[in-house]
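Inspection log for the structure reproduced underneath, given as C-alpha cells.
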Amino acid sequence: MDSEARTDSDARREAVGSIEDALGRFMRSVRASLNEGAHAFSPDLPPSAYWIMSVIGKTHPIAPATIIALTGMDKSSVSRQLRLLKEAGYIDSQPDPHDRRADLYSPTPEAGARFEAIRAANRARFGQAFDAWDEDEVVAFAGLLDKFIGRDA
C-alpha cells in the first residue's frame with residue numbers, strides 16, 4: 001500500500017471519528033433544546049409530548065400513523081401523548097375523511113401560536129450560529145446534512 005493511499009484512509013477514519021464525536025455533542029444539544037422547548041411551551045409537558053406537538057405544529061392535520069413514522073415512537077407512546085395533549089387543550093382532532101376509524105390532529109389556535117413563537121426563537125438561535133458562515137457554506141452544509149440523514153438534497 002503506498003503512503004498516499006494510507007494517508008487518505010487514515011484521514012478518512014479520523015474524519016469519521018470526528019463526525020461521530022460531533023454528532024454525539026449535537027444529539028445532547030438537541031435533547032437539551034427539546035427539554036427547553038417543552039418547558040417553554042408548558043412547564044408540565046414531557047419532552048416526548050412536545051416532540052409530538054412539534055410534528056403536529058409543522059404538519060397538520062396529521063394522522064397518528066404519520067406521527068409514528070416521523071418520530072419513530074411506538075404506537076402506545078404516541079397514543080398516550082396525543083391523549084395528554086388533547087386533554088391539556090393543545091390539540092384538536094377530527095375524523096379522517098379517508099378512514100373514519102382514525103382521527104387527524106391539529107394544534108388549537110393558542111397552542112399553534114405558542115409553538116410558532118418557540119419555533120421562531122429556535123430558528124433565530126440557529127441562524128446566529130451561522131452568522132459567521134457565508135451563504136454558500138450554509139447551503140452546502142444543509143445539503144450535506146440532508147444527504148447524511150438520507151433525504152434527497
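Every chain in the C-alpha cells takes a letter, A first, then B, and so on in the order presented; its residues are numbered from 1, and the ligands are numbered from 1 following the presented order.
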Who sits within 10 Å of Asp92 (chain A), only C-alpha atoms, same chain under 2 positions skipped, as a ChimeraX atom specification | /A:61,82,85-87,89-90,94,103-109
Just the residues within 12 Å of region 64-80 of chain A, please, counting only C-alpha atoms, with nothing from its chain fewer than 5 positions along; format it as a list in words.
-> Pro46, Ser48, Ala49, Tyr50, Trp51, Ile52, Met53, Ser54, Val55, Ile56, Gly57, Lys58, Thr59, Leu85, Lys86, Glu87, Ser93, Pro95, Asp96, Asp99, Arg101, Ala102, Asp103, Leu104, Tyr105 and Ser106 of chain A
Write to file, as a PDB file, in the first residue's frame, the residues of the selection just made, with N, CA and C atoms.
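Result file is selection.pdb:
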ATOM      1  N   PRO A  46     -44.172  16.755  29.145  1.00  0.00           N
ATOM      2  CA  PRO A  46     -42.976  15.940  28.940  1.00  0.00           C
ATOM      3  C   PRO A  46     -42.367  16.212  27.561  1.00  0.00           C
ATOM      4  N   SER A  48     -41.371  14.236  25.308  1.00  0.00           N
ATOM      5  CA  SER A  48     -41.935  13.389  24.240  1.00  0.00           C
ATOM      6  C   SER A  48     -43.251  13.958  23.715  1.00  0.00           C
ATOM      7  N   ALA A  49     -44.055  14.546  24.597  1.00  0.00           N
ATOM      8  CA  ALA A  49     -45.309  15.168  24.146  1.00  0.00           C
ATOM      9  C   ALA A  49     -45.001  16.423  23.327  1.00  0.00           C
ATOM     10  N   TYR A  50     -43.987  17.179  23.741  1.00  0.00           N
ATOM     11  CA  TYR A  50     -43.612  18.369  22.974  1.00  0.00           C
ATOM     12  C   TYR A  50     -43.088  17.976  21.601  1.00  0.00           C
ATOM     13  N   TRP A  51     -42.346  16.874  21.530  1.00  0.00           N
ATOM     14  CA  TRP A  51     -41.847  16.399  20.237  1.00  0.00           C
ATOM     15  C   TRP A  51     -43.024  16.108  19.310  1.00  0.00           C
ATOM     16  N   ILE A  52     -44.042  15.441  19.828  1.00  0.00           N
ATOM     17  CA  ILE A  52     -45.234  15.165  19.027  1.00  0.00           C
ATOM     18  C   ILE A  52     -45.951  16.473  18.686  1.00  0.00           C
ATOM     19  N   MET A  53     -46.016  17.391  19.646  1.00  0.00           N
ATOM     20  CA  MET A  53     -46.632  18.693  19.387  1.00  0.00           C
ATOM     21  C   MET A  53     -45.889  19.414  18.271  1.00  0.00           C
ATOM     22  N   SER A  54     -44.567  19.285  18.235  1.00  0.00           N
ATOM     23  CA  SER A  54     -43.798  19.950  17.178  1.00  0.00           C
ATOM     24  C   SER A  54     -44.102  19.348  15.810  1.00  0.00           C
ATOM     25  N   VAL A  55     -44.304  18.040  15.760  1.00  0.00           N
ATOM     26  CA  VAL A  55     -44.673  17.397  14.496  1.00  0.00           C
ATOM     27  C   VAL A  55     -46.051  17.884  14.054  1.00  0.00           C
ATOM     28  N   ILE A  56     -46.989  17.931  14.987  1.00  0.00           N
ATOM     29  CA  ILE A  56     -48.349  18.394  14.670  1.00  0.00           C
ATOM     30  C   ILE A  56     -48.315  19.870  14.277  1.00  0.00           C
ATOM     31  N   GLY A  57     -47.490  20.662  14.976  1.00  0.00           N
ATOM     32  CA  GLY A  57     -47.404  22.085  14.663  1.00  0.00           C
ATOM     33  C   GLY A  57     -46.860  22.353  13.275  1.00  0.00           C
ATOM     34  N   LYS A  58     -45.949  21.509  12.812  1.00  0.00           N
ATOM     35  CA  LYS A  58     -45.349  21.685  11.488  1.00  0.00           C
ATOM     36  C   LYS A  58     -46.192  21.082  10.379  1.00  0.00           C
ATOM     37  N   THR A  59     -46.902  19.992  10.677  1.00  0.00           N
ATOM     38  CA  THR A  59     -47.632  19.247   9.644  1.00  0.00           C
ATOM     39  C   THR A  59     -49.006  18.880  10.184  1.00  0.00           C
ATOM     40  N   LEU A  85     -51.956  15.651  25.217  1.00  0.00           N
ATOM     41  CA  LEU A  85     -52.044  16.938  24.518  1.00  0.00           C
ATOM     42  C   LEU A  85     -53.489  17.375  24.308  1.00  0.00           C
ATOM     43  N   LYS A  86     -54.349  16.428  24.007  1.00  0.00           N
ATOM     44  CA  LYS A  86     -55.758  16.752  23.790  1.00  0.00           C
ATOM     45  C   LYS A  86     -56.421  17.165  25.103  1.00  0.00           C
ATOM     46  N   GLU A  87     -56.165  16.416  26.179  1.00  0.00           N
ATOM     47  CA  GLU A  87     -56.749  16.748  27.486  1.00  0.00           C
ATOM     48  C   GLU A  87     -56.266  18.103  27.991  1.00  0.00           C
ATOM     49  N   SER A  93     -58.953  17.171  17.372  1.00  0.00           N
ATOM     50  CA  SER A  93     -58.985  16.073  16.406  1.00  0.00           C
ATOM     51  C   SER A  93     -60.268  16.135  15.610  1.00  0.00           C
ATOM     52  N   PRO A  95     -62.370  13.497  12.512  1.00  0.00           N
ATOM     53  CA  PRO A  95     -62.307  12.203  11.815  1.00  0.00           C
ATOM     54  C   PRO A  95     -61.567  12.336  10.481  1.00  0.00           C
ATOM     55  N   ASP A  96     -60.779  11.341  10.177  1.00  0.00           N
ATOM     56  CA  ASP A  96     -60.076  11.295   8.899  1.00  0.00           C
ATOM     57  C   ASP A  96     -61.109  10.991   7.824  1.00  0.00           C
ATOM     58  N   ASP A  99     -60.530   7.572   6.325  1.00  0.00           N
ATOM     59  CA  ASP A  99     -60.584   6.415   7.211  1.00  0.00           C
ATOM     60  C   ASP A  99     -61.294   6.841   8.489  1.00  0.00           C
ATOM     61  N   ARG A 101     -62.201   5.422  10.970  1.00  0.00           N
ATOM     62  CA  ARG A 101     -61.742   4.811  12.221  1.00  0.00           C
ATOM     63  C   ARG A 101     -60.614   5.618  12.847  1.00  0.00           C
ATOM     64  N   ALA A 102     -59.997   6.477  12.076  1.00  0.00           N
ATOM     65  CA  ALA A 102     -58.839   7.240  12.543  1.00  0.00           C
ATOM     66  C   ALA A 102     -59.183   8.721  12.677  1.00  0.00           C
ATOM     67  N   ASP A 103     -58.397   9.419  13.491  1.00  0.00           N
ATOM     68  CA  ASP A 103     -58.542  10.862  13.648  1.00  0.00           C
ATOM     69  C   ASP A 103     -57.327  11.558  13.060  1.00  0.00           C
ATOM     70  N   LEU A 104     -57.526  12.813  12.705  1.00  0.00           N
ATOM     71  CA  LEU A 104     -56.449  13.698  12.282  1.00  0.00           C
ATOM     72  C   LEU A 104     -56.291  14.765  13.356  1.00  0.00           C
ATOM     73  N   TYR A 105     -55.070  15.136  13.667  1.00  0.00           N
ATOM     74  CA  TYR A 105     -54.804  16.064  14.758  1.00  0.00           C
ATOM     75  C   TYR A 105     -54.226  17.375  14.239  1.00  0.00           C
ATOM     76  N   SER A 106     -54.651  18.467  14.870  1.00  0.00           N
ATOM     77  CA  SER A 106     -54.165  19.813  14.562  1.00  0.00           C
ATOM     78  C   SER A 106     -53.996  20.573  15.872  1.00  0.00           C
TER      79      SER A 106
END
Can you check which residues of chain A DSSP gives as strand (DSSP E) on the backbone and send them as an NGL selection string?
-> :A and (91-96 or 99-107)
